[in-house]
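Enquirer: This one is entry31.pdb, PDB, C-alpha atoms, pLDDT in the B column.
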```pdb
ATOM      1  CA  MET O 204      -5.705   1.921   3.105  1.00 63.00           C
ATOM      2  CA  LEU O 205      -5.095   5.420   4.513  1.00 68.00           C
ATOM      3  CA  ARG O 206      -8.682   6.548   4.090  1.00 74.00           C
ATOM      4  CA  LEU O 207      -9.913   3.481   5.946  1.00 79.00           C
ATOM      5  CA  ARG O 208      -7.461   3.926   8.802  1.00 93.00           C
ATOM      6  CA  ILE O 209      -8.253   7.565   9.490  1.00 96.00           C
ATOM      7  CA  ARG O 210     -11.957   6.794   9.346  1.00 95.00           C
ATOM      8  CA  ASP O 211     -11.559   3.752  11.597  1.00 94.00           C
ATOM      9  CA  CYS O 212      -9.568   5.750  14.152  1.00 96.00           C
ATOM     10  CA  ARG O 213     -12.257   8.430  14.179  1.00 97.00           C
ATOM     11  CA  GLU O 214     -15.148   5.974  14.411  1.00 96.00           C
ATOM     12  CA  ASP O 215     -13.424   3.928  17.130  1.00 96.00           C
ATOM     13  CA  ARG O 216     -13.593   7.051  19.289  1.00 97.00           C
ATOM     14  CA  ASP O 217     -17.187   7.891  18.323  1.00 98.00           C
ATOM     15  CA  LEU O 218     -16.138  11.201  16.799  1.00 98.00           C
ATOM     16  CA  THR O 219     -17.769  13.014  13.910  1.00 98.00           C
ATOM     17  CA  GLN O 220     -16.011  14.291  10.835  1.00 98.00           C
ATOM     18  CA  GLN O 221     -16.879  17.790  12.009  1.00 98.00           C
ATOM     19  CA  GLN O 222     -15.099  17.266  15.328  1.00 98.00           C
ATOM     20  CA  ILE O 223     -11.925  16.142  13.565  1.00 98.00           C
ATOM     21  CA  ALA O 224     -12.199  18.943  11.011  1.00 98.00           C
ATOM     22  CA  ASP O 225     -12.438  21.425  13.887  1.00 98.00           C
ATOM     23  CA  LEU O 226      -9.320  19.917  15.452  1.00 97.00           C
ATOM     24  CA  LEU O 227      -7.494  20.255  12.134  1.00 98.00           C
ATOM     25  CA  HIS O 228      -8.899  23.743  11.428  1.00 97.00           C
ATOM     26  CA  CYS O 229     -10.385  22.710   8.091  1.00 97.00           C
ATOM     27  CA  ASP O 230     -13.825  22.290   6.583  1.00 98.00           C
ATOM     28  CA  GLN O 231     -15.722  19.070   7.205  1.00 98.00           C
ATOM     29  CA  SER O 232     -16.093  18.621   3.435  1.00 98.00           C
ATOM     30  CA  LEU O 233     -12.310  18.684   2.999  1.00 98.00           C
ATOM     31  CA  TYR O 234     -11.802  16.188   5.810  1.00 97.00           C
ATOM     32  CA  SER O 235     -14.445  13.956   4.233  1.00 97.00           C
ATOM     33  CA  LYS O 236     -12.438  13.974   1.000  1.00 96.00           C
ATOM     34  CA  TYR O 237      -9.374  12.855   2.945  1.00 95.00           C
ATOM     35  CA  GLU O 238     -11.317   9.919   4.375  1.00 94.00           C
ATOM     36  CA  ARG O 239     -12.673   8.941   0.969  1.00 93.00           C
ATOM     37  CA  GLY O 240      -9.261   9.205  -0.667  1.00 91.00           C
ATOM     38  CA  GLU O 241     -10.387  11.994  -2.976  1.00 93.00           C
ATOM     39  CA  ARG O 242      -7.658  14.347  -1.712  1.00 94.00           C
ATOM     40  CA  ASP O 243      -4.142  13.585  -0.548  1.00 93.00           C
ATOM     41  CA  VAL O 244      -3.635  14.212   3.146  1.00 94.00           C
ATOM     42  CA  PRO O 245      -0.796  16.700   3.715  1.00 96.00           C
ATOM     43  CA  LEU O 246       2.043  15.526   5.941  1.00 96.00           C
ATOM     44  CA  HIS O 247       1.321  18.112   8.638  1.00 96.00           C
ATOM     45  CA  ILE O 248      -2.286  16.838   8.840  1.00 97.00           C
ATOM     46  CA  LEU O 249      -1.073  13.228   9.095  1.00 96.00           C
ATOM     47  CA  ALA O 250       1.243  14.275  11.912  1.00 97.00           C
ATOM     48  CA  GLN O 251      -1.625  15.986  13.771  1.00 97.00           C
ATOM     49  CA  LEU O 252      -3.850  12.931  13.354  1.00 97.00           C
ATOM     50  CA  ALA O 253      -1.113  10.542  14.484  1.00 97.00           C
ATOM     51  CA  ASP O 254      -0.508  12.641  17.590  1.00 97.00           C
ATOM     52  CA  TYR O 255      -4.225  12.942  18.331  1.00 97.00           C
ATOM     53  CA  TYR O 256      -4.853   9.207  17.943  1.00 97.00           C
ATOM     54  CA  ASP O 257      -1.602   8.310  19.751  1.00 96.00           C
ATOM     55  CA  THR O 258      -0.376   6.284  16.819  1.00 96.00           C
ATOM     56  CA  SER O 259       2.219   6.653  14.087  1.00 95.00           C
ATOM     57  CA  ILE O 260       2.041   8.067  10.617  1.00 94.00           C
ATOM     58  CA  ASP O 261       3.270   4.644   9.484  1.00 93.00           C
ATOM     59  CA  TYR O 262       0.111   3.092  10.923  1.00 94.00           C
ATOM     60  CA  LEU O 263      -2.137   5.676   9.281  1.00 94.00           C
ATOM     61  CA  VAL O 264      -0.574   5.125   5.864  1.00 91.00           C
ATOM     62  CA  GLY O 265      -0.536   1.325   6.165  1.00 89.00           C
ATOM     63  CA  ARG O 266       3.206   0.757   6.597  1.00 90.00           C
ATOM     64  CA  THR O 267       2.621  -1.078   9.879  1.00 90.00           C
ATOM     65  CA  ASN O 268      -0.278  -2.771  11.603  1.00 89.00           C
ATOM     66  CA  ASN O 269       0.883  -1.687  15.071  1.00 87.00           C
ATOM     67  CA  LEU O 270      -1.750   0.792  16.231  1.00 85.00           C
ATOM     68  CA  LYS O 271       0.092   2.022  19.313  1.00 82.00           C
ATOM     69  CA  ASN O 272       3.160   4.210  19.170  1.00 67.00           C
ATOM     70  CA  SER O 273       6.178   2.338  20.459  1.00 56.00           C
TER
END
```
Have the structure of the file written as structure tokens, please.
Expert:
Amino acid sequence: MLRLRIRDCREDRDLTQQQIADLLHCDQSLYSKYERGERDVPLHILAQLADYYDTSIDYLVGRTNNLKNS
């Protein structure tokens, strides 16, 4: 679920993996592994992504279907 949500958030904004990797200060190949579920996403990365996408970590990890922070 997580890998689909972070990919969907990125694609909904027409961003590339490289753009998000740059934001997170990591390699594109590492970010790609996060999206594919091949690597666990560290909590500090989830927090950065949630802030960037204006959503919650709960949404990114599939604990809620509410996209917007409330």
Enquirer: Mind telling me what the PyMOL selection byres ((chain O and resi 262-273) around 6) catches here, as a PyMOL selection string?
Expert: chain O and resi 205+208+258-261
Enquirer: Produce a file of the selected residues containing C-alpha atoms, as a JSON list (two decimals), in the frame of the given file.
Expert:
```json
[["chain", "number", "residue", "atom", "x", "y", "z"],
["O", 205, "LEU", "CA", -5.10, 5.42, 4.51],
["O", 208, "ARG", "CA", -7.46, 3.93, 8.80],
["O", 258, "THR", "CA", -0.38, 6.28, 16.82],
["O", 259, "SER", "CA", 2.22, 6.65, 14.09],
["O", 260, "ILE", "CA", 2.04, 8.07, 10.62],
["O", 261, "ASP", "CA", 3.27, 4.64, 9.48]]
```
Enquirer: I'd like the residues picked by the PyMOL selection byres ((chain O and resi 210-220) around 7) written out as a PyMOL selection string, using the chain letters and numbers from the file.
Expert: chain O and resi 206-209+221-224+231+234-235+238+256
Enquirer: Next, write the just-selected residues to a file, as a short mmCIF file (atom, residue, chain, number, x, y, z; two decimals), in the frame of the given file, keeping C-alpha atoms as the atom set.
Expert:
```cif
data_model
loop_
_atom_site.label_atom_id
_atom_site.label_comp_id
_atom_site.auth_asym_id
_atom_site.auth_seq_id
_atom_site.Cartn_x
_atom_site.Cartn_y
_atom_site.Cartn_z
CA ARG O 206 -8.68 6.55 4.09
CA LEU O 207 -9.91 3.48 5.95
CA ARG O 208 -7.46 3.93 8.80
CA ILE O 209 -8.25 7.56 9.49
CA GLN O 221 -16.88 17.79 12.01
CA GLN O 222 -15.10 17.27 15.33
CA ILE O 223 -11.92 16.14 13.56
CA ALA O 224 -12.20 18.94 11.01
CA GLN O 231 -15.72 19.07 7.20
CA TYR O 234 -11.80 16.19 5.81
CA SER O 235 -14.44 13.96 4.23
CA GLU O 238 -11.32 9.92 4.38
CA TYR O 256 -4.85 9.21 17.94
#
```
Enquirer: Mind giving me the straight-line distance from atom CA of O:Asp257 to atom CA of O:Ser232 in Å, one decimal?
Expert: 24.1 Å
Enquirer: Distance atom CA of O:Asp254-atom CA of O:Glu241, one decimal place?
Expert: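 According to the coordinates, atom CA of O:Asp254 and atom CA of O:Glu241 are separated by 22.8 Å.
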Enquirer: One decimal, in Å: what's the spacing between atom CA of O:Leu226 and atom CA of O:Tyr255?
Expert: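 That distance, rounded to one decimal, is 9.1 Å.
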Enquirer: Let me have the centre and edge lengths of the axis-aligned box enclosing all listed atoms of stretch 245-260 of chain O with 5 Å padding on every side, in Å to one decimal, as lines of an AutoDock Vina configuration file.
Expert:
```
center_x = -1.3
center_y = 12.2
center_z = 11.7
size_x = 17.1
size_y = 21.8
size_z = 26.0
```
Enquirer: Got a minute to add all heavy atoms to stretch 251-262 of chain O and dump it as a PDB file, in the frame of the given file?
Expert:
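In the end it all went to out_11.pdb:
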```pdb
ATOM      1  N   GLN O 251      -0.626  15.597  12.761  1.00 97.00           N
ATOM      2  CA  GLN O 251      -1.625  15.986  13.771  1.00 97.00           C
ATOM      3  C   GLN O 251      -2.531  14.806  14.116  1.00 97.00           C
ATOM      4  O   GLN O 251      -2.838  14.578  15.293  1.00 97.00           O
ATOM      5  CB  GLN O 251      -2.490  17.141  13.255  1.00 97.00           C
ATOM      6  CG  GLN O 251      -1.823  18.486  13.296  1.00 97.00           C
ATOM      7  CD  GLN O 251      -2.778  19.555  12.803  1.00 97.00           C
ATOM      8  OE1 GLN O 251      -2.962  19.731  11.609  1.00 97.00           O
ATOM      9  NE2 GLN O 251      -3.390  20.249  13.736  1.00 97.00           N
ATOM     10  N   LEU O 252      -2.967  14.077  13.105  1.00 97.00           N
ATOM     11  CA  LEU O 252      -3.850  12.931  13.354  1.00 97.00           C
ATOM     12  C   LEU O 252      -3.126  11.837  14.129  1.00 97.00           C
ATOM     13  O   LEU O 252      -3.693  11.247  15.055  1.00 97.00           O
ATOM     14  CB  LEU O 252      -4.400  12.381  12.032  1.00 97.00           C
ATOM     15  CG  LEU O 252      -5.396  13.275  11.312  1.00 97.00           C
ATOM     16  CD1 LEU O 252      -5.676  12.748   9.907  1.00 97.00           C
ATOM     17  CD2 LEU O 252      -6.692  13.388  12.107  1.00 97.00           C
ATOM     18  N   ALA O 253      -1.888  11.563  13.772  1.00 97.00           N
ATOM     19  CA  ALA O 253      -1.113  10.542  14.484  1.00 97.00           C
ATOM     20  C   ALA O 253      -0.945  10.924  15.953  1.00 97.00           C
ATOM     21  O   ALA O 253      -1.115  10.086  16.838  1.00 97.00           O
ATOM     22  CB  ALA O 253       0.241  10.345  13.811  1.00 97.00           C
ATOM     23  N   ASP O 254      -0.642  12.187  16.204  1.00 97.00           N
ATOM     24  CA  ASP O 254      -0.508  12.641  17.590  1.00 97.00           C
ATOM     25  C   ASP O 254      -1.840  12.528  18.328  1.00 97.00           C
ATOM     26  O   ASP O 254      -1.889  12.053  19.464  1.00 97.00           O
ATOM     27  CB  ASP O 254      -0.023  14.095  17.644  1.00 97.00           C
ATOM     28  CG  ASP O 254       1.436  14.252  17.266  1.00 97.00           C
ATOM     29  OD1 ASP O 254       2.163  13.231  17.205  1.00 97.00           O
ATOM     30  OD2 ASP O 254       1.849  15.403  17.010  1.00 97.00           O
ATOM     31  N   TYR O 255      -2.904  12.958  17.693  1.00 97.00           N
ATOM     32  CA  TYR O 255      -4.225  12.942  18.331  1.00 97.00           C
ATOM     33  C   TYR O 255      -4.664  11.517  18.672  1.00 97.00           C
ATOM     34  O   TYR O 255      -5.193  11.264  19.745  1.00 97.00           O
ATOM     35  CB  TYR O 255      -5.253  13.617  17.431  1.00 97.00           C
ATOM     36  CG  TYR O 255      -6.608  13.713  18.052  1.00 97.00           C
ATOM     37  CD1 TYR O 255      -6.873  14.641  19.056  1.00 97.00           C
ATOM     38  CD2 TYR O 255      -7.636  12.870  17.651  1.00 97.00           C
ATOM     39  CE1 TYR O 255      -8.123  14.724  19.646  1.00 97.00           C
ATOM     40  CE2 TYR O 255      -8.894  12.953  18.235  1.00 97.00           C
ATOM     41  CZ  TYR O 255      -9.120  13.886  19.227  1.00 97.00           C
ATOM     42  OH  TYR O 255     -10.362  13.953  19.817  1.00 97.00           O
ATOM     43  N   TYR O 256      -4.434  10.593  17.733  1.00 97.00           N
ATOM     44  CA  TYR O 256      -4.853   9.207  17.943  1.00 97.00           C
ATOM     45  C   TYR O 256      -3.800   8.372  18.665  1.00 97.00           C
ATOM     46  O   TYR O 256      -3.984   7.173  18.859  1.00 97.00           O
ATOM     47  CB  TYR O 256      -5.205   8.550  16.608  1.00 97.00           C
ATOM     48  CG  TYR O 256      -6.426   9.142  15.943  1.00 97.00           C
ATOM     49  CD1 TYR O 256      -6.394   9.529  14.612  1.00 97.00           C
ATOM     50  CD2 TYR O 256      -7.625   9.286  16.626  1.00 97.00           C
ATOM     51  CE1 TYR O 256      -7.521  10.053  13.982  1.00 97.00           C
ATOM     52  CE2 TYR O 256      -8.756   9.809  16.019  1.00 97.00           C
ATOM     53  CZ  TYR O 256      -8.686  10.183  14.692  1.00 97.00           C
ATOM     54  OH  TYR O 256      -9.806  10.702  14.080  1.00 97.00           O
ATOM     55  N   ASP O 257      -2.693   8.999  19.057  1.00 96.00           N
ATOM     56  CA  ASP O 257      -1.602   8.310  19.751  1.00 96.00           C
ATOM     57  C   ASP O 257      -1.142   7.091  18.964  1.00 96.00           C
ATOM     58  O   ASP O 257      -1.059   5.979  19.478  1.00 96.00           O
ATOM     59  CB  ASP O 257      -2.014   7.921  21.176  1.00 96.00           C
ATOM     60  CG  ASP O 257      -0.826   7.456  22.002  1.00 96.00           C
ATOM     61  OD1 ASP O 257       0.309   7.911  21.725  1.00 96.00           O
ATOM     62  OD2 ASP O 257      -1.012   6.627  22.909  1.00 96.00           O
ATOM     63  N   THR O 258      -0.871   7.327  17.694  1.00 96.00           N
ATOM     64  CA  THR O 258      -0.376   6.284  16.819  1.00 96.00           C
ATOM     65  C   THR O 258       0.715   6.885  15.950  1.00 96.00           C
ATOM     66  O   THR O 258       1.159   8.006  16.193  1.00 96.00           O
ATOM     67  CB  THR O 258      -1.528   5.655  15.988  1.00 96.00           C
ATOM     68  OG1 THR O 258      -1.063   4.466  15.367  1.00 96.00           O
ATOM     69  CG2 THR O 258      -2.088   6.610  14.953  1.00 96.00           C
ATOM     70  N   SER O 259       1.161   6.151  14.958  1.00 95.00           N
ATOM     71  CA  SER O 259       2.219   6.653  14.087  1.00 95.00           C
ATOM     72  C   SER O 259       1.668   6.978  12.706  1.00 95.00           C
ATOM     73  O   SER O 259       0.624   6.453  12.288  1.00 95.00           O
ATOM     74  CB  SER O 259       3.329   5.603  13.948  1.00 95.00           C
ATOM     75  OG  SER O 259       2.831   4.462  13.266  1.00 95.00           O
ATOM     76  N   ILE O 260       2.392   7.810  12.012  1.00 94.00           N
ATOM     77  CA  ILE O 260       2.041   8.067  10.617  1.00 94.00           C
ATOM     78  C   ILE O 260       2.152   6.760   9.835  1.00 94.00           C
ATOM     79  O   ILE O 260       1.330   6.492   8.959  1.00 94.00           O
ATOM     80  CB  ILE O 260       2.937   9.166  10.019  1.00 94.00           C
ATOM     81  CG1 ILE O 260       2.625  10.516  10.672  1.00 94.00           C
ATOM     82  CG2 ILE O 260       2.751   9.257   8.503  1.00 94.00           C
ATOM     83  CD1 ILE O 260       3.554  11.647  10.264  1.00 94.00           C
ATOM     84  N   ASP O 261       3.131   5.942  10.158  1.00 93.00           N
ATOM     85  CA  ASP O 261       3.270   4.644   9.484  1.00 93.00           C
ATOM     86  C   ASP O 261       1.997   3.815   9.597  1.00 93.00           C
ATOM     87  O   ASP O 261       1.584   3.167   8.638  1.00 93.00           O
ATOM     88  CB  ASP O 261       4.452   3.852  10.033  1.00 93.00           C
ATOM     89  CG  ASP O 261       5.793   4.329   9.493  1.00 93.00           C
ATOM     90  OD1 ASP O 261       5.808   5.103   8.510  1.00 93.00           O
ATOM     91  OD2 ASP O 261       6.821   3.916  10.050  1.00 93.00           O
ATOM     92  N   TYR O 262       1.362   3.832  10.765  1.00 94.00           N
ATOM     93  CA  TYR O 262       0.111   3.092  10.923  1.00 94.00           C
ATOM     94  C   TYR O 262      -0.973   3.710  10.032  1.00 94.00           C
ATOM     95  O   TYR O 262      -1.697   3.000   9.338  1.00 94.00           O
ATOM     96  CB  TYR O 262      -0.358   3.078  12.378  1.00 94.00           C
ATOM     97  CG  TYR O 262      -1.711   2.423  12.531  1.00 94.00           C
ATOM     98  CD1 TYR O 262      -1.831   1.035  12.506  1.00 94.00           C
ATOM     99  CD2 TYR O 262      -2.873   3.182  12.650  1.00 94.00           C
ATOM    100  CE1 TYR O 262      -3.074   0.420  12.596  1.00 94.00           C
ATOM    101  CE2 TYR O 262      -4.107   2.580  12.747  1.00 94.00           C
ATOM    102  CZ  TYR O 262      -4.199   1.202  12.719  1.00 94.00           C
ATOM    103  OH  TYR O 262      -5.442   0.605  12.798  1.00 94.00           O
TER     104      TYR O 262
END
```
